[in-house]
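The file structure.cif contains mmCIF, C-alpha atoms:
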data_target
loop_
_atom_site.label_atom_id
_atom_site.label_comp_id
_atom_site.auth_asym_id
_atom_site.auth_seq_id
_atom_site.Cartn_x
_atom_site.Cartn_y
_atom_site.Cartn_z
CA ARG A 1 37.34 -89.67 -193.49
CA LYS A 2 36.02 -88.78 -196.92
CA GLU A 3 37.95 -90.02 -199.93
CA VAL A 4 38.30 -86.50 -201.31
CA GLU A 5 37.79 -83.41 -199.16
CA GLN A 6 37.46 -79.80 -200.17
CA ASP A 7 36.46 -76.62 -198.42
CA PRO A 8 33.09 -75.78 -200.03
CA GLY A 9 33.64 -72.02 -199.52
CA PRO A 10 32.41 -69.71 -200.86
CA PHE A 11 35.63 -67.84 -201.44
CA ASN A 12 34.81 -64.24 -202.25
CA VAL A 13 37.82 -62.44 -203.74
CA PRO A 14 38.27 -59.11 -205.54
CA GLU A 15 39.26 -58.97 -209.18
CA GLY A 16 43.02 -59.24 -209.60
CA ALA A 17 43.54 -61.21 -206.40
CA THR A 18 45.38 -64.50 -206.10
CA VAL A 19 43.40 -67.36 -204.59
CA ALA A 20 44.38 -70.92 -203.73
CA PHE A 21 42.32 -74.03 -203.06
CA ASN A 22 43.47 -77.25 -201.48
CA CYS A 23 42.03 -80.71 -201.72
CA THR A 24 43.05 -83.71 -199.62
CA TYR A 25 42.63 -87.35 -200.57
CA SER A 26 42.69 -90.45 -198.40
CA ASN A 27 43.94 -93.18 -200.75
CA SER A 28 47.72 -93.08 -200.95
CA ALA A 29 47.64 -95.34 -204.01
CA SER A 30 45.82 -92.71 -206.11
CA GLN A 31 47.46 -92.03 -209.45
CA SER A 32 45.34 -89.47 -211.30
CA PHE A 33 44.47 -85.99 -210.15
CA PHE A 34 42.41 -83.32 -211.82
CA TRP A 35 40.72 -80.00 -211.32
CA TYR A 36 37.35 -79.49 -213.00
CA ARG A 37 35.37 -76.30 -213.30
CA GLN A 38 31.59 -76.28 -213.08
CA ASP A 39 29.54 -73.21 -213.93
CA CYS A 40 26.07 -72.82 -212.52
CA ARG A 41 23.61 -75.22 -214.17
CA LYS A 42 26.29 -76.60 -216.48
CA GLU A 43 28.26 -79.83 -216.66
CA PRO A 44 31.77 -80.10 -215.17
CA LYS A 45 34.59 -79.36 -217.58
CA LEU A 46 38.18 -80.43 -217.24
CA LEU A 47 40.33 -77.47 -216.19
CA MET A 48 43.65 -79.22 -215.85
CA SER A 49 45.32 -82.46 -214.91
CA VAL A 50 47.73 -82.36 -211.98
CA TYR A 51 51.14 -83.88 -212.53
CA SER A 52 53.72 -84.91 -209.97
CA SER A 53 56.05 -82.11 -211.04
CA GLY A 54 53.29 -79.54 -210.92
CA ASN A 55 51.95 -77.77 -213.96
CA GLU A 56 50.90 -74.36 -215.08
CA ASP A 57 48.40 -73.15 -217.65
CA GLY A 58 48.32 -69.39 -217.95
CA ARG A 59 47.03 -67.97 -214.68
CA PHE A 60 46.38 -71.41 -213.23
CA THR A 61 48.94 -73.52 -211.38
CA ALA A 62 48.30 -76.99 -209.99
CA GLN A 63 50.49 -78.83 -207.51
CA LEU A 64 50.54 -82.33 -206.10
CA ASN A 65 51.97 -83.21 -202.69
CA ARG A 66 51.99 -86.99 -202.38
CA ALA A 67 53.60 -87.02 -198.94
CA SER A 68 50.78 -84.98 -197.44
CA GLN A 69 48.17 -86.33 -199.89
CA TYR A 70 46.81 -83.09 -201.21
CA ILE A 71 46.55 -81.19 -204.44
CA SER A 72 46.24 -77.46 -204.87
CA LEU A 73 45.01 -74.98 -207.43
CA LEU A 74 46.33 -71.44 -207.57
CA ILE A 75 44.58 -68.78 -209.61
CA ARG A 76 46.46 -65.56 -210.20
CA ASP A 77 44.98 -62.23 -211.31
CA SER A 78 41.40 -63.43 -210.79
CA LYS A 79 38.84 -62.47 -213.39
CA LEU A 80 35.09 -62.16 -212.99
CA SER A 81 34.80 -65.05 -215.43
CA ASP A 82 36.68 -67.31 -212.98
CA SER A 83 33.57 -67.37 -210.77
CA ALA A 84 32.53 -71.01 -210.67
CA THR A 85 32.76 -74.14 -208.55
CA TYR A 86 36.10 -75.95 -208.72
CA LEU A 87 35.93 -79.71 -208.30
CA CYS A 88 38.87 -81.80 -207.18
CA VAL A 89 38.95 -85.27 -208.74
CA VAL A 90 41.13 -88.20 -207.74
CA GLY A 91 41.45 -91.53 -209.51
CA PRO A 92 43.33 -94.82 -209.30
CA GLY A 93 44.67 -94.74 -212.84
CA GLY A 94 43.67 -97.25 -215.45
CA TYR A 95 40.14 -97.43 -216.76
CA GLN A 96 38.43 -97.13 -213.38
CA LYS A 97 36.03 -94.81 -211.64
CA VAL A 98 37.18 -91.57 -210.05
CA THR A 99 36.02 -89.71 -206.95
CA PHE A 100 34.80 -86.13 -206.97
CA GLY A 101 35.14 -83.68 -204.13
CA ILE A 102 32.19 -81.55 -203.12
CA GLY A 103 33.68 -78.55 -204.92
CA THR A 104 34.89 -75.13 -203.82
CA LYS A 105 32.79 -72.18 -204.86
CA LEU A 106 34.68 -69.11 -206.02
CA GLN A 107 33.05 -65.73 -206.46
CA VAL A 108 35.21 -62.98 -207.96
CA ILE A 109 33.89 -59.56 -207.06
CA PRO A 110 34.35 -56.39 -209.14
CA SER B 1 37.91 -84.53 -226.49
CA ALA B 2 34.75 -86.45 -227.33
CA VAL B 3 31.48 -84.72 -228.14
CA ILE B 4 28.75 -86.09 -225.91
CA SER B 5 25.05 -85.46 -226.26
CA GLN B 6 22.22 -86.33 -223.92
CA LYS B 7 18.51 -86.53 -224.52
CA PRO B 8 16.27 -85.19 -223.15
CA SER B 9 17.95 -82.07 -221.80
CA ARG B 10 15.18 -81.68 -219.25
CA ASP B 11 11.86 -83.22 -218.32
CA ILE B 12 9.09 -82.89 -215.79
CA CYS B 13 7.57 -86.22 -214.87
CA GLN B 14 4.79 -87.56 -212.70
CA ARG B 15 5.45 -89.70 -209.68
CA GLY B 16 5.43 -93.42 -210.46
CA THR B 17 6.47 -93.09 -214.10
CA SER B 18 9.82 -93.91 -215.70
CA LEU B 19 12.18 -91.86 -217.84
CA THR B 20 14.93 -93.11 -220.13
CA ILE B 21 17.91 -90.84 -220.73
CA GLN B 22 20.11 -91.37 -223.75
CA CYS B 23 23.82 -90.64 -224.04
CA GLN B 24 25.54 -90.58 -227.43
CA VAL B 25 29.26 -90.12 -228.02
CA ASP B 26 30.81 -89.20 -231.36
CA SER B 27 33.66 -91.72 -230.99
CA GLN B 28 34.17 -95.13 -229.45
CA VAL B 29 35.04 -94.96 -225.75
CA THR B 30 36.14 -97.54 -223.25
CA MET B 31 34.26 -96.39 -220.19
CA MET B 32 30.89 -94.70 -219.77
CA PHE B 33 29.54 -93.57 -216.43
CA TRP B 34 26.27 -92.24 -215.10
CA TYR B 35 26.26 -89.67 -212.32
CA ARG B 36 23.61 -87.86 -210.34
CA GLN B 37 24.02 -84.34 -209.04
CA GLN B 38 21.42 -83.10 -206.61
CA PRO B 39 20.97 -79.37 -206.00
CA GLY B 40 23.98 -77.86 -204.26
CA GLN B 41 25.78 -81.18 -204.13
CA SER B 42 28.71 -82.74 -205.92
CA LEU B 43 28.53 -85.64 -208.31
CA THR B 44 27.55 -89.08 -207.12
CA LEU B 45 28.40 -92.06 -209.31
CA ILE B 46 25.38 -94.25 -210.00
CA ALA B 47 27.03 -96.92 -212.12
CA THR B 48 29.60 -97.79 -214.74
CA ALA B 49 28.01 -98.82 -218.02
CA ASN B 50 29.82 -101.86 -219.41
CA GLN B 51 29.58 -102.67 -223.08
CA GLY B 52 27.98 -106.06 -223.61
CA SER B 53 27.47 -106.88 -219.95
CA GLU B 54 25.56 -105.74 -216.90
CA ALA B 55 26.38 -102.34 -215.43
CA THR B 56 28.40 -102.07 -212.22
CA TYR B 57 26.37 -100.24 -209.60
CA GLU B 58 27.64 -98.20 -206.68
CA SER B 59 26.45 -98.66 -203.14
CA GLY B 60 22.92 -97.33 -202.74
CA PHE B 61 21.95 -97.78 -206.39
CA VAL B 62 20.23 -100.89 -207.77
CA ILE B 63 19.46 -102.20 -211.21
CA ASP B 64 15.72 -102.34 -210.65
CA LYS B 65 15.61 -98.61 -209.98
CA PHE B 66 18.26 -97.51 -212.50
CA PRO B 67 18.47 -100.03 -215.35
CA ILE B 68 21.29 -99.22 -217.75
CA SER B 69 21.99 -100.41 -221.25
CA ARG B 70 25.17 -100.12 -223.28
CA PRO B 71 24.70 -101.89 -226.60
CA ASN B 72 27.90 -100.53 -228.19
CA LEU B 73 30.93 -98.33 -227.56
CA THR B 74 29.20 -95.05 -228.41
CA PHE B 75 25.77 -95.25 -226.75
CA SER B 76 24.19 -95.86 -223.37
CA THR B 77 20.83 -95.33 -221.69
CA LEU B 78 19.88 -94.81 -218.06
CA THR B 79 16.29 -95.37 -216.95
CA VAL B 80 14.97 -93.83 -213.76
CA SER B 81 12.13 -96.15 -212.76
CA ASN B 82 9.06 -95.62 -210.61
CA MET B 83 10.10 -92.05 -209.96
CA SER B 84 9.51 -90.10 -206.77
CA PRO B 85 10.24 -86.43 -206.01
CA GLU B 86 13.52 -87.53 -204.39
CA ASP B 87 14.75 -88.51 -207.87
CA SER B 88 14.64 -84.88 -208.97
CA SER B 89 18.21 -84.18 -209.95
CA ILE B 90 20.60 -83.63 -212.81
CA TYR B 91 21.74 -86.86 -214.44
CA LEU B 92 25.07 -86.74 -216.22
CA CYS B 93 26.72 -89.13 -218.59
CA SER B 94 30.50 -89.13 -218.80
CA VAL B 95 33.13 -90.96 -220.79
CA ASP B 96 36.71 -91.94 -220.13
CA GLY B 97 39.40 -93.28 -222.40
CA THR B 98 38.86 -91.22 -225.50
CA SER B 99 41.66 -91.03 -228.00
CA GLY B 100 44.47 -88.84 -226.74
CA SER B 101 43.15 -88.51 -223.21
CA SER B 102 44.86 -89.67 -220.07
CA TYR B 103 43.52 -92.35 -217.82
CA ASN B 104 40.64 -91.20 -215.64
CA GLU B 105 40.25 -87.98 -217.65
CA GLN B 106 36.49 -87.72 -217.98
CA PHE B 107 34.31 -85.69 -220.26
CA PHE B 108 30.70 -84.96 -219.51
CA GLY B 109 27.52 -84.64 -221.45
CA PRO B 110 25.39 -81.54 -220.87
CA GLY B 111 23.16 -83.33 -218.38
CA THR B 112 19.46 -84.08 -218.09
CA ARG B 113 17.55 -81.97 -215.58
CA LEU B 114 14.75 -84.09 -214.12
CA THR B 115 11.90 -82.78 -211.99
CA VAL B 116 9.45 -85.26 -210.49
CA LEU B 117 6.12 -83.93 -209.27
#

For the structure just supplied, provide its representation as structure tokens.
Amino acid sequence: RKEVEQDPGPFNVPEGATVAFNCTYSNSASQSFFWYRQDCRKEPKLLMSVYSSGNEDGRFTAQLNRASQYISLLIRDSKLSDSATYLCVVGPGGYQKVTFGIGTKLQVIP
Amino acid sequence: SAVISQKPSRDICQRGTSLTIQCQVDSQVTMMFWYRQQPGQSLTLIATANQGSEATYESGFVIDKFPISRPNLTFSTLTVSNMSPEDSSIYLCSVDGTSGSSYNEQFFGPGTRLTVL
């Protein structure tokens, strides 16, 4: 089983739609969880951290389910500019390396 | 977040040669990492660059092929040695532990796009 698993997609959704991505992780001792966004031919950029209580940033909501070992990202009212690859990242906490998922590609269609 | 620059931004190299990529951060950071991202793939960690000591390499990556230096807390280099076309990839530097960030929160440089002929 991979350490971090994501559906690579692509997810093709119309503008204004709500879309959700899940990401599962295998190490139950993981402490840090993030979603990154990567545009074509660009470096990954931190979208949001994922906290145990869940967190929201505008149209974006992230959730953590420790019992089932997955994190989710919900995007409401999709915009064309949301088209990108969304990378799930899981880490052990402390100053240690993290593990990236393969990424989920989102294409928002006019 | 830290401002990270990489040089060169891209290069086209001949088989058998070596290329050194530089990563400069505008503030002192605890951890620096080097990743590779091949076309259509996610990021693969090559090594953790340790200040003042040898880098820690991941499985499948060796020092002879990817020597790394980290002379201080703001700078690191990655060399891709004796290149072959299979080394064509994007190489990314990242940092962790900048002031105000959470553990494991990483910030990336813009990447170096390498093509080996």

Next item on the list: Take the PyMOL selection byres ((chain B and resi 23) around 7), apply it to the structure above, and return the hits as a PyMOL selection string.
Entry: chain B and resi 4-7+21-22+24-25+75-77+93

Report task. Restrict the distance test to only C-alpha atoms, flag each residue of chain B within 12 Å of chain A, and return the flagged residues as a PyMOL selection string. Result -> chain B and resi 1+4-6+9-10+29-50+56-58+89-98+101-113

> Please, what distance in Å, to one decimal, runs between CA of Met83 (chain B) and CA of Glu3 (chain A)?
Replying inline: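 Separating CA of Met83 (chain B) from CA of Glu3 (chain A) is a distance of 29.7 Å.
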
Just how far from CA of Arg59 (chain A) is CA of Gly16 (chain A), in Å to one decimal?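 Between these atoms lies a distance of 10.9 Å.
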
If you count all atoms listed in the file, the residue of B:Gln28, B:Thr115, B:Gln51, B:Thr20 closest to Glu86 (chain B) turns out to be B:Thr115

Review point. Could you tell me, as JSON, numbers by chain, which residues have any atom at most 12 Å from (18.2, -101.0, -211.5), counting all atoms listed in the file?
Key: {"B": [18, 46, 47, 49, 54, 55, 56, 57, 58, 59, 60, 61, 62, 63, 64, 65, 66, 67, 68, 69, 77, 78, 79, 80, 81, 82]}

So the first atom is CA of Leu73 (chain A) and the second is CA of Gln38 (chain A); what is the distance between them in Å, to one decimal place?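 Value for the CA of Leu73 (chain A)-CA of Gln38 (chain A) distance: 14.6 Å.
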
If the PyMOL selection byres ((chain A and resi 78) around 7) were run on this exact file, what residues would it hold? Put them as a PyMOL selection string.
chain A and resi 15-18+75-77+79-80+82+108

If you take every atom of region 17-32 of chain B that the file lists and fit an axis-aligned box around them with 3 Å extra on each side, what centre and edge lengths come out in Å to one decimal, as AutoDock Vina command-line options?
--center_x 21.3 --center_y -93.4 --center_z -222.7 --size_x 35.7 --size_y 14.3 --size_z 23.3

Applying the PyMOL selection byres ((chain A and resi 54) around 10) to the file I just gave you, which residues come out? Please list them as a list in words.
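When the PyMOL selection byres ((chain A and resi 54) around 10) is applied, the selected residues are Ser49, Val50, Tyr51, Ser52, Ser53, Asn55, Glu56, Thr61, Ala62, Gln63, Leu64, Asn65, Ile71 and Ser72 of chain A.
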